[in-house]
$ cat structure-v1.cif   # mmCIF, C-alpha atoms
data_protein
#
loop_
_atom_site.group_PDB
_atom_site.id
_atom_site.type_symbol
_atom_site.label_atom_id
_atom_site.label_comp_id
_atom_site.auth_asym_id
_atom_site.auth_seq_id
_atom_site.Cartn_x
_atom_site.Cartn_y
_atom_site.Cartn_z
ATOM 1 C CA MET A 77 0.000 0.000 0.000
ATOM 2 C CA ILE A 78 1.415 3.404 -0.956
ATOM 3 C CA ASP A 79 -0.359 6.382 0.647
ATOM 4 C CA GLY A 80 -3.719 4.736 -0.016
ATOM 5 C CA LEU A 81 -3.283 5.198 -3.768
ATOM 6 C CA VAL A 82 -2.437 1.572 -4.572
ATOM 7 C CA ARG A 83 -4.232 -1.469 -3.199
ATOM 8 C CA PRO A 84 -4.844 -5.117 -4.093
ATOM 9 C CA LEU A 85 -7.749 -6.029 -6.346
ATOM 10 C CA GLU A 86 -11.060 -7.135 -4.848
ATOM 11 C CA THR A 87 -13.810 -9.090 -6.596
ATOM 12 C CA ASP A 88 -15.971 -5.994 -6.983
ATOM 13 C CA ASP A 89 -13.159 -4.295 -8.935
ATOM 14 C CA LEU A 90 -13.298 -6.618 -11.954
ATOM 15 C CA ALA A 91 -15.823 -4.446 -13.801
ATOM 16 C CA ALA A 92 -13.543 -1.430 -13.414
ATOM 17 C CA VAL A 93 -10.549 -3.409 -14.668
ATOM 18 C CA ARG A 94 -12.600 -4.534 -17.669
ATOM 19 C CA GLY A 95 -13.381 -0.895 -18.399
ATOM 20 C CA ILE A 96 -9.670 -0.038 -18.386
ATOM 21 C CA MET A 97 -8.886 -2.972 -20.696
ATOM 22 C CA ASP A 98 -11.636 -1.964 -23.123
ATOM 23 C CA ALA A 99 -10.484 1.668 -23.145
ATOM 24 C CA SER A 100 -6.900 0.585 -23.766
ATOM 25 C CA ARG A 101 -7.987 -1.684 -26.639
ATOM 26 C CA ARG A 102 -9.711 1.247 -28.326
ATOM 27 C CA VAL A 103 -6.932 3.797 -27.801
ATOM 28 C CA ASP A 104 -3.711 1.780 -27.717
ATOM 29 C CA ALA A 105 -4.567 -0.916 -30.282
ATOM 30 C CA ILE A 106 -2.323 -3.489 -28.624
ATOM 31 C CA PRO A 107 -1.541 -6.158 -31.259
ATOM 32 C CA GLY A 108 -3.369 -9.405 -30.608
ATOM 33 C CA PHE A 109 -5.455 -8.036 -27.736
ATOM 34 C CA VAL A 110 -8.925 -8.765 -29.120
ATOM 35 C CA ALA A 111 -12.213 -8.726 -27.182
ATOM 36 C CA SER A 112 -12.015 -12.405 -26.262
ATOM 37 C CA GLU A 113 -8.650 -11.769 -24.611
ATOM 38 C CA VAL A 114 -10.333 -9.474 -22.082
ATOM 39 C CA ASP A 115 -12.499 -12.311 -20.783
ATOM 40 C CA ARG A 116 -9.538 -14.679 -20.601
ATOM 41 C CA ALA A 117 -7.400 -12.124 -18.765
ATOM 42 C CA LEU A 118 -10.126 -11.339 -16.224
ATOM 43 C CA LEU A 119 -10.676 -15.031 -15.557
ATOM 44 C CA ARG A 120 -7.029 -15.516 -14.632
ATOM 45 C CA ILE A 121 -6.886 -12.275 -12.641
ATOM 46 C CA SER A 122 -9.931 -13.251 -10.583
ATOM 47 C CA ALA A 123 -8.283 -16.559 -9.612
ATOM 48 C CA ASP A 124 -5.421 -14.666 -7.921
ATOM 49 C CA PRO A 125 -6.859 -11.326 -6.736
ATOM 50 C CA HIS A 126 -3.837 -10.505 -4.569
ATOM 51 C CA GLY A 127 -1.667 -10.781 -7.680
ATOM 52 C CA THR A 128 -3.183 -7.614 -9.171
ATOM 53 C CA LEU A 129 -2.598 -4.103 -7.828
ATOM 54 C CA LEU A 130 -4.902 -1.153 -8.504
ATOM 55 C CA ALA A 131 -4.218 2.552 -8.815
ATOM 56 C CA ILE A 132 -6.940 4.629 -7.157
ATOM 57 C CA ASP A 133 -7.706 8.264 -7.947
ATOM 58 C CA ASP A 134 -10.492 10.044 -6.070
ATOM 59 C CA GLY A 135 -12.027 6.711 -5.161
ATOM 60 C CA ARG A 136 -11.970 5.374 -8.736
ATOM 61 C CA VAL A 137 -9.908 2.534 -10.173
ATOM 62 C CA VAL A 138 -7.813 4.165 -12.895
ATOM 63 C CA GLY A 139 -5.084 1.589 -13.507
ATOM 64 C CA TYR A 140 -3.864 -1.885 -12.658
ATOM 65 C CA CYS A 141 -0.731 -4.012 -12.690
ATOM 66 C CA THR A 142 -0.709 -7.809 -12.860
ATOM 67 C CA PRO A 143 2.950 -8.895 -12.775
ATOM 68 C CA LEU A 144 2.189 -12.536 -13.580
ATOM 69 C CA ARG A 145 0.618 -11.349 -16.842
ATOM 70 C CA ASP A 146 3.387 -8.799 -17.517
ATOM 71 C CA ASP A 147 0.676 -6.155 -17.689
ATOM 72 C CA LEU A 148 0.527 -2.571 -16.417
ATOM 73 C CA THR A 149 -2.224 -0.416 -17.898
ATOM 74 C CA ILE A 150 -3.518 3.030 -16.950
ATOM 75 C CA HIS A 151 -6.853 4.277 -18.254
ATOM 76 C CA PRO A 152 -6.147 6.654 -21.159
ATOM 77 C CA ASP A 153 -7.972 9.494 -19.348
ATOM 78 C CA HIS A 154 -5.731 9.216 -16.266
ATOM 79 C CA ARG A 155 -2.221 8.971 -17.653
ATOM 80 C CA ARG A 156 0.778 11.184 -16.839
ATOM 81 C CA ARG A 157 -0.348 11.614 -13.235
ATOM 82 C CA GLY A 158 2.110 9.301 -11.485
ATOM 83 C CA HIS A 159 -0.178 6.280 -11.267
ATOM 84 C CA GLY A 160 2.160 4.110 -13.325
ATOM 85 C CA ARG A 161 5.154 4.928 -11.119
ATOM 86 C CA ARG A 162 3.210 4.092 -7.983
ATOM 87 C CA LEU A 163 2.046 0.800 -9.456
ATOM 88 C CA VAL A 164 5.604 -0.137 -10.453
ATOM 89 C CA ALA A 165 6.885 0.571 -6.927
ATOM 90 C CA ALA A 166 4.163 -1.598 -5.387
ATOM 91 C CA ALA A 167 4.564 -4.334 -8.025
ATOM 92 C CA ARG A 168 8.300 -4.606 -7.334
ATOM 93 C CA SER A 169 7.512 -5.276 -3.684
ATOM 94 C CA LEU A 170 4.804 -7.769 -4.649
ATOM 95 C CA VAL A 171 7.048 -9.895 -6.879
ATOM 96 C CA ALA A 172 9.812 -9.793 -4.262
ATOM 97 C CA SER A 173 7.368 -11.074 -1.634
ATOM 98 C CA ARG A 174 6.593 -13.989 -3.966
ATOM 99 C CA GLY A 175 10.230 -14.967 -4.248
ATOM 100 C CA GLU A 176 10.928 -13.468 -7.686
ATOM 101 C CA ASP A 177 13.948 -11.298 -8.399
ATOM 102 C CA GLU A 178 12.568 -9.049 -11.119
ATOM 103 C CA LEU A 179 9.443 -7.305 -12.338
ATOM 104 C CA VAL A 180 8.760 -8.042 -16.001
ATOM 105 C CA LEU A 181 6.330 -5.965 -18.063
ATOM 106 C CA TYR A 182 5.251 -5.866 -21.686
ATOM 107 C CA VAL A 183 6.297 -2.551 -23.291
ATOM 108 C CA PRO A 184 4.440 -1.881 -26.577
ATOM 109 C CA PRO A 185 7.015 -0.788 -29.192
ATOM 110 C CA HIS A 186 4.416 1.160 -31.179
ATOM 111 C CA LEU A 187 3.716 3.442 -28.190
ATOM 112 C CA PRO A 188 6.803 5.674 -27.696
ATOM 113 C CA ALA A 189 5.471 6.993 -24.384
ATOM 114 C CA SER A 190 5.474 3.465 -22.952
ATOM 115 C CA GLY A 191 9.116 2.936 -23.846
ATOM 116 C CA ALA A 192 10.085 6.328 -22.437
ATOM 117 C CA PHE A 193 8.201 5.575 -19.204
ATOM 118 C CA ALA A 194 9.891 2.184 -18.773
ATOM 119 C CA ALA A 195 13.359 3.562 -19.511
ATOM 120 C CA SER A 196 12.900 6.447 -17.074
ATOM 121 C CA LEU A 197 12.319 3.927 -14.269
ATOM 122 C CA GLY A 198 15.350 1.835 -15.171
ATOM 123 C CA PHE A 199 13.629 -0.977 -17.061
ATOM 124 C CA ARG A 200 15.752 -2.684 -19.717
ATOM 125 C CA TYR A 201 14.779 -4.952 -22.592
ATOM 126 C CA ARG A 202 14.749 -8.576 -21.414
ATOM 127 C CA SER A 203 13.192 -10.815 -24.072
ATOM 128 C CA SER A 204 10.371 -11.064 -26.576
ATOM 129 C CA LEU A 205 7.281 -13.214 -26.733
ATOM 130 C CA TRP A 206 6.146 -13.926 -30.280
ATOM 131 C CA GLN A 207 2.782 -14.852 -31.692
ATOM 132 C CA PHE A 208 3.175 -17.452 -34.437
ATOM 133 C CA GLU A 209 0.410 -18.076 -36.952
ATOM 134 C CA LEU A 210 -0.459 -21.030 -39.171
ATOM 135 C CA SER A 211 -2.523 -20.359 -42.293
ATOM 136 C CA PRO A 212 -5.452 -22.699 -43.078
ATOM 137 C CA GLU A 213 -3.938 -23.822 -46.384
ATOM 138 C CA ILE A 214 -0.691 -25.120 -44.854
ATOM 139 C CA PRO A 215 -0.834 -28.932 -44.559
ATOM 140 C CA VAL A 216 0.291 -30.504 -41.298
ATOM 141 C CA PRO A 217 0.764 -34.285 -40.896
ATOM 142 C CA ASP A 218 -1.529 -36.249 -38.629
ATOM 143 C CA ALA A 219 -0.195 -37.117 -35.190
ATOM 144 C CA ALA A 220 1.569 -40.474 -34.853
ATOM 145 C CA PHE A 221 2.618 -41.025 -31.253
ATOM 146 C CA PRO A 222 5.365 -43.586 -30.491
ATOM 147 C CA GLY A 223 4.191 -47.098 -29.706
ATOM 148 C CA ASN A 224 5.515 -46.978 -26.137
ATOM 149 C CA VAL A 225 3.059 -44.287 -25.036
ATOM 150 C CA VAL A 226 -0.691 -43.947 -24.605
ATOM 151 C CA THR A 227 -2.770 -40.768 -24.643
ATOM 152 C CA ARG A 228 -6.059 -39.613 -23.171
ATOM 153 C CA THR A 229 -8.176 -36.506 -22.726
ATOM 154 C CA TRP A 230 -8.775 -34.539 -19.545
ATOM 155 C CA ARG A 231 -10.683 -36.377 -16.815
ATOM 156 C CA GLY A 232 -13.140 -34.810 -14.418
ATOM 157 C CA ASP A 233 -11.416 -36.383 -11.425
ATOM 158 C CA GLU A 234 -7.928 -35.007 -12.088
ATOM 159 C CA ASP A 235 -5.845 -34.202 -8.999
ATOM 160 C CA LEU A 236 -5.341 -30.471 -9.606
ATOM 161 C CA ASP A 237 -2.432 -30.101 -7.189
ATOM 162 C CA ALA A 238 -0.593 -32.948 -8.904
ATOM 163 C CA TRP A 239 -1.492 -31.516 -12.318
ATOM 164 C CA VAL A 240 -0.052 -28.098 -11.478
ATOM 165 C CA ARG A 241 3.177 -29.716 -10.265
ATOM 166 C CA PHE A 242 3.379 -31.750 -13.472
ATOM 167 C CA VAL A 243 2.825 -28.736 -15.732
ATOM 168 C CA GLY A 244 5.497 -26.793 -13.854
ATOM 169 C CA ALA A 245 7.951 -29.675 -14.239
ATOM 170 C CA SER A 246 7.143 -30.044 -17.944
ATOM 171 C CA PHE A 247 8.236 -26.435 -18.492
ATOM 172 C CA GLU A 248 11.490 -26.766 -16.546
ATOM 173 C CA GLY A 249 14.192 -24.685 -18.230
ATOM 174 C CA HIS A 250 11.663 -22.532 -20.061
ATOM 175 C CA PRO A 251 12.854 -18.916 -20.563
ATOM 176 C CA THR A 252 9.826 -17.618 -18.629
ATOM 177 C CA PRO A 253 8.382 -19.370 -15.567
ATOM 178 C CA ILE A 254 4.903 -20.875 -15.867
ATOM 179 C CA HIS A 255 2.511 -19.444 -13.292
ATOM 180 C CA LEU A 256 -0.355 -21.827 -12.641
ATOM 181 C CA SER A 257 -2.374 -22.721 -9.570
ATOM 182 C CA PRO A 258 -5.132 -25.222 -8.816
ATOM 183 C CA GLU A 259 -7.576 -22.317 -8.502
ATOM 184 C CA ILE A 260 -6.710 -21.005 -11.965
ATOM 185 C CA VAL A 261 -7.185 -24.477 -13.464
ATOM 186 C CA ARG A 262 -10.462 -24.917 -11.569
ATOM 187 C CA ARG A 263 -11.879 -21.620 -12.824
ATOM 188 C CA ILE A 264 -10.806 -22.139 -16.416
ATOM 189 C CA ASN A 265 -12.293 -25.622 -16.491
ATOM 190 C CA ALA A 266 -15.556 -24.354 -14.996
ATOM 191 C CA GLU A 267 -16.138 -22.057 -17.968
ATOM 192 C CA PRO A 268 -18.973 -23.076 -20.335
ATOM 193 C CA SER A 269 -16.511 -23.049 -23.235
ATOM 194 C CA PHE A 270 -14.139 -25.550 -21.598
ATOM 195 C CA ASP A 271 -13.600 -28.581 -23.816
ATOM 196 C CA PRO A 272 -11.908 -31.573 -22.129
ATOM 197 C CA GLU A 273 -11.206 -32.948 -25.611
ATOM 198 C CA GLY A 274 -8.881 -29.977 -26.098
ATOM 199 C CA ILE A 275 -6.370 -31.459 -23.639
ATOM 200 C CA ARG A 276 -4.229 -34.440 -24.626
ATOM 201 C CA VAL A 277 -2.215 -36.152 -21.885
ATOM 202 C CA VAL A 278 0.628 -38.545 -22.711
ATOM 203 C CA MET A 279 1.744 -41.435 -20.467
ATOM 204 C CA THR A 280 3.982 -44.472 -20.961
ATOM 205 C CA CYS A 281 2.416 -47.873 -21.523
ATOM 206 C CA ASP A 282 4.251 -49.098 -18.420
ATOM 207 C CA GLU A 283 2.881 -46.304 -16.184
ATOM 208 C CA PRO A 284 -0.430 -45.209 -17.742
ATOM 209 C CA GLU A 285 -1.374 -43.082 -14.738
ATOM 210 C CA VAL A 286 1.783 -40.941 -14.722
ATOM 211 C CA PRO A 287 1.774 -38.073 -17.271
ATOM 212 C CA ILE A 288 4.998 -37.296 -19.102
ATOM 213 C CA ALA A 289 3.716 -34.711 -21.619
ATOM 214 C CA TYR A 290 0.592 -32.773 -22.511
ATOM 215 C CA GLY A 291 -0.892 -30.383 -25.027
ATOM 216 C CA ARG A 292 -3.808 -28.009 -24.714
ATOM 217 C CA VAL A 293 -5.694 -26.166 -27.460
ATOM 218 C CA GLU A 294 -8.725 -23.885 -27.604
ATOM 219 C CA LEU A 295 -11.191 -22.793 -30.244
ATOM 220 C CA LEU A 296 -11.589 -19.012 -30.049
ATOM 221 C CA ALA A 297 -12.848 -16.232 -32.332
ATOM 222 C CA ASP A 298 -10.838 -13.549 -34.087
ATOM 223 C CA ALA A 299 -11.746 -9.849 -34.152
ATOM 224 C CA GLY A 300 -14.322 -10.548 -36.874
ATOM 225 C CA GLY A 301 -15.870 -13.521 -35.084
ATOM 226 C CA ALA A 302 -14.327 -16.208 -37.297
ATOM 227 C CA PRO A 303 -13.283 -19.443 -35.497
ATOM 228 C CA THR A 304 -9.584 -19.333 -34.670
ATOM 229 C CA GLY A 305 -7.484 -22.036 -33.078
ATOM 230 C CA TYR A 306 -5.053 -21.396 -30.258
ATOM 231 C CA VAL A 307 -2.355 -23.719 -28.934
ATOM 232 C CA ASN A 308 -2.228 -22.872 -25.223
ATOM 233 C CA GLY A 309 0.739 -24.998 -24.359
ATOM 234 C CA ILE A 310 2.814 -28.061 -25.063
ATOM 235 C CA GLY A 311 4.863 -29.376 -22.172
ATOM 236 C CA VAL A 312 7.190 -32.384 -21.941
ATOM 237 C CA LEU A 313 9.046 -33.592 -18.855
ATOM 238 C CA PRO A 314 12.823 -33.084 -19.294
ATOM 239 C CA ALA A 315 13.575 -36.821 -19.240
ATOM 240 C CA TRP A 316 11.241 -37.363 -22.202
ATOM 241 C CA ARG A 317 12.338 -34.521 -24.463
ATOM 242 C CA GLY A 318 13.946 -35.162 -27.809
ATOM 243 C CA ARG A 319 11.704 -38.148 -28.573
ATOM 244 C CA GLY A 320 9.149 -36.428 -30.783
ATOM 245 C CA LEU A 321 6.376 -36.040 -28.200
ATOM 246 C CA GLY A 322 6.181 -32.262 -28.591
ATOM 247 C CA ARG A 323 6.024 -32.641 -32.375
ATOM 248 C CA GLU A 324 3.181 -35.136 -32.212
ATOM 249 C CA LEU A 325 1.269 -33.047 -29.674
ATOM 250 C CA LEU A 326 1.538 -30.056 -32.003
ATOM 251 C CA ARG A 327 0.235 -32.134 -34.915
ATOM 252 C CA TRP A 328 -2.566 -33.487 -32.734
ATOM 253 C CA GLY A 329 -3.512 -29.925 -31.698
ATOM 254 C CA VAL A 330 -3.617 -28.606 -35.253
ATOM 255 C CA GLY A 331 -5.716 -31.570 -36.404
ATOM 256 C CA HIS A 332 -8.087 -31.261 -33.441
ATOM 257 C CA LEU A 333 -8.652 -27.555 -34.056
ATOM 258 C CA ARG A 334 -9.147 -27.925 -37.803
ATOM 259 C CA LEU A 335 -11.727 -30.660 -37.291
ATOM 260 C CA ARG A 336 -13.655 -28.171 -35.156
ATOM 261 C CA GLY A 337 -13.626 -25.490 -37.832
ATOM 262 C CA ALA A 338 -10.576 -23.414 -36.992
ATOM 263 C CA GLY A 339 -9.108 -21.420 -39.834
ATOM 264 C CA THR A 340 -5.971 -19.642 -38.689
ATOM 265 C CA ILE A 341 -4.186 -21.251 -35.719
ATOM 266 C CA GLN A 342 -2.043 -19.199 -33.345
ATOM 267 C CA LEU A 343 0.340 -19.811 -30.478
ATOM 268 C CA SER A 344 2.740 -17.778 -28.344
ATOM 269 C CA VAL A 345 6.385 -18.661 -27.811
ATOM 270 C CA GLU A 346 9.461 -17.052 -26.288
ATOM 271 C CA ALA A 347 11.966 -16.068 -28.965
ATOM 272 C CA ALA A 348 14.708 -17.560 -26.772
ATOM 273 C CA ASN A 349 13.041 -20.991 -26.887
ATOM 274 C CA GLU A 350 14.816 -22.084 -30.064
ATOM 275 C CA ARG A 351 13.759 -25.715 -29.798
ATOM 276 C CA ALA A 352 10.094 -24.682 -29.866
ATOM 277 C CA THR A 353 10.407 -21.947 -32.495
ATOM 278 C CA ASP A 354 12.253 -24.345 -34.834
ATOM 279 C CA LEU A 355 9.479 -26.932 -34.378
ATOM 280 C CA TYR A 356 6.767 -24.405 -35.182
ATOM 281 C CA ARG A 357 8.566 -23.032 -38.233
ATOM 282 C CA ARG A 358 9.057 -26.553 -39.615
ATOM 283 C CA HIS A 359 5.289 -27.010 -39.452
ATOM 284 C CA GLY A 360 4.493 -23.826 -41.331
ATOM 285 C CA PHE A 361 3.941 -21.397 -38.461
ATOM 286 C CA VAL A 362 5.346 -17.911 -39.077
ATOM 287 C CA PRO A 363 5.989 -15.095 -36.575
ATOM 288 C CA ASP A 364 3.225 -12.511 -36.694
ATOM 289 C CA ILE A 365 3.407 -10.273 -33.597
ATOM 290 C CA GLU A 366 6.281 -9.429 -31.256
ATOM 291 C CA TRP A 367 5.603 -8.513 -27.623
ATOM 292 C CA PRO A 368 8.855 -7.130 -26.106
ATOM 293 C CA HIS A 369 9.247 -7.564 -22.346
ATOM 294 C CA TRP A 370 11.372 -5.322 -20.151
ATOM 295 C CA SER A 371 12.531 -6.021 -16.605
ATOM 296 C CA LEU A 372 13.498 -4.177 -13.434
ATOM 297 C CA PRO A 373 15.042 -5.743 -10.310
ATOM 298 C CA ALA A 374 12.524 -6.397 -7.532
ATOM 299 C CA THR A 375 12.856 -4.614 -4.196
#
$ encode --input "structure-v1.cif" --output "structure tokens"
Amino acid sequence: MIDGLVRPLETDDLAAVRGIMDASRRVDAIPGFVASEVDRALLRISADPHGTLLAIDDGRVVGYCTPLRDDLTIHPDHRRRGHGRRLVAAARSLVASRGEDELVLYVPPHLPASGAFAASLGFRYRSSLWQFELSPEIPVPDAAFPGNVVTRTWRGDEDLDAWVRFVGASFEGHPTPIHLSPEIVRRINAEPSFDPEGIRVVMTCDEPEVPIAYGRVELLADAGGAPTGYVNGIGVLPAWRGRGLGRELLRWGVGHLRLRGAGTIQLSVEAANERATDLYRRHGFVPDIEWPHWSLPAT
């Protein structure tokens, strides 16, 4: 808390945060931030309310910062009043309290004021997240998993604590940590749009109850309402990498989405993750949007 001007999010604040997101979409035109992204962002924010900080001006919510989503946004009508600086100061303390050593934020390159703001506070470029896109006309082979593994879809009786540990382990060594909690999984899976068929879990034939890899995909809508596929994640435990499981999960995901009517298929990947970017390029995905991330040491 800083002089009463910054405080954690509460459930009743979600409508105000939505208003800020919608205003930013109209004014800032952040690449890739379509209307459906607002709902997805709010769902994840609501699952960890203490992970979002709000800037308050005369009793109104005028800005927010969610470090786990690399997002700091001030309502366009309330900028250049110090709210961003106060949010950064509080966010640095928040990430430090959670055991992290830096605050990472997305800095839109097409908004010079954002870059100037970040630089003035000491932020430096850290890495880039890319959106890759696969056109509908690009053929992708069907999945052919090795004979020593079996696969299944998501089950209603999954142990969420064990699942979160598995997902974290499957992304070991990833350039950016994966932030997931049982509550986030629970809320996402409770959504009417949740499709258990959109999750493919891989196990060995010898231990069919122990996951070693997974893939998750979603059918969304683009800005014009056309069905668009999205590959949420492909994770493989370190001991099982280099055996083609990630490749087959990608092929499974593309096939699953196309059967359900997806045209363009998108995914996000860290530029530093060369193993993944090479896999996607070999299957016809091309980089479409760059989201640069800057960092500042936590306090």
$ closest_residue --input "structure-v1.cif" --among "A:Gln207, A:Thr87, A:Asn224, A:Asn265" --to "A:Phe109" --atoms "only C-alpha atoms"
A:Gln207
$ residues_near_point --input "structure-v1.cif" --point "(11.3, 4.8, -10.2)" --cutoff "12 Å" --atoms "all atoms listed in the file" --output "PyMOL selection string"
chain A and resi 158-168+193-199+372-375
$ atom_distance --input "structure-v1.cif" --atom1 "atom CA of A:Val330" --atom2 "atom CA of A:Ala219"
9.2 Å
$ resolve_selection --input "structure-v1.cif" --expression "the PyMOL selection byres ((chain A and resi 108) around 10)" --output "list in words"
Arg101, Ala105, Ile106, Pro107, Phe109, Val110, Ala111, Glu113, Gln207, Asp298, Ala299, Asp364, Ile365, Glu366 and Trp367 of chain A
$ write_last_selection --input "structure-v1.cif" --atoms "C-alpha atoms" --output "PDB file, keeping the file's coordinate frame"
ATOM      1  CA  ARG A 101      -7.987  -1.684 -26.639  1.00  0.00           C
ATOM      2  CA  ALA A 105      -4.567  -0.916 -30.282  1.00  0.00           C
ATOM      3  CA  ILE A 106      -2.323  -3.489 -28.624  1.00  0.00           C
ATOM      4  CA  PRO A 107      -1.541  -6.158 -31.259  1.00  0.00           C
ATOM      5  CA  PHE A 109      -5.455  -8.036 -27.736  1.00  0.00           C
ATOM      6  CA  VAL A 110      -8.925  -8.765 -29.120  1.00  0.00           C
ATOM      7  CA  ALA A 111     -12.213  -8.726 -27.182  1.00  0.00           C
ATOM      8  CA  GLU A 113      -8.650 -11.769 -24.611  1.00  0.00           C
ATOM      9  CA  GLN A 207       2.782 -14.852 -31.692  1.00  0.00           C
ATOM     10  CA  ASP A 298     -10.838 -13.549 -34.087  1.00  0.00           C
ATOM     11  CA  ALA A 299     -11.746  -9.849 -34.152  1.00  0.00           C
ATOM     12  CA  ASP A 364       3.225 -12.511 -36.694  1.00  0.00           C
ATOM     13  CA  ILE A 365       3.407 -10.273 -33.597  1.00  0.00           C
ATOM     14  CA  GLU A 366       6.281  -9.429 -31.256  1.00  0.00           C
ATOM     15  CA  TRP A 367       5.603  -8.513 -27.623  1.00  0.00           C
TER      16      TRP A 367
END
$ closest_residue --input "structure-v1.cif" --among "A:Gly223, A:Glu259, A:Gly360, A:Pro268" --to "A:Asp237" --atoms "all atoms listed in the file"
A:Glu259
$ build_atoms --input "structure-v1.cif" --residues "stretch 96-109 of chain A" --atoms "N, CA and C atoms" --output "compact mmCIF listing (two decimals), keeping the file's coordinate frame"
# COMPACT_ATOMS: atom_id res chain seq x y z
N ILE A 96 -11.00 -0.52 -18.02
CA ILE A 96 -9.67 -0.04 -18.39
C ILE A 96 -9.14 -0.82 -19.58
N MET A 97 -9.33 -2.14 -19.57
CA MET A 97 -8.89 -2.97 -20.70
C MET A 97 -9.58 -2.56 -21.99
N ASP A 98 -10.89 -2.35 -21.92
CA ASP A 98 -11.64 -1.96 -23.12
C ASP A 98 -11.18 -0.60 -23.64
N ALA A 99 -10.95 0.34 -22.73
CA ALA A 99 -10.48 1.67 -23.14
C ALA A 99 -9.10 1.58 -23.78
N SER A 100 -8.24 0.75 -23.21
CA SER A 100 -6.90 0.58 -23.77
C SER A 100 -6.97 -0.06 -25.15
N ARG A 101 -7.86 -1.04 -25.32
CA ARG A 101 -7.99 -1.68 -26.64
C ARG A 101 -8.36 -0.67 -27.71
N ARG A 102 -9.27 0.24 -27.35
CA ARG A 102 -9.71 1.25 -28.33
C ARG A 102 -8.62 2.26 -28.65
N VAL A 103 -7.89 2.71 -27.63
CA VAL A 103 -6.93 3.80 -27.80
C VAL A 103 -5.55 3.29 -28.19
N ASP A 104 -5.09 2.23 -27.53
CA ASP A 104 -3.71 1.78 -27.72
C ASP A 104 -3.55 0.77 -28.84
N ALA A 105 -4.62 0.08 -29.20
CA ALA A 105 -4.57 -0.92 -30.28
C ALA A 105 -3.40 -1.89 -30.08
N ILE A 106 -3.37 -2.52 -28.91
CA ILE A 106 -2.32 -3.49 -28.62
C ILE A 106 -2.47 -4.68 -29.58
N PRO A 107 -1.44 -5.03 -30.31
CA PRO A 107 -1.54 -6.16 -31.26
C PRO A 107 -1.94 -7.45 -30.56
N GLY A 108 -2.94 -8.12 -31.13
CA GLY A 108 -3.37 -9.40 -30.61
C GLY A 108 -4.33 -9.34 -29.44
N PHE A 109 -4.58 -8.14 -28.91
CA PHE A 109 -5.46 -8.04 -27.74
C PHE A 109 -6.88 -7.78 -28.21
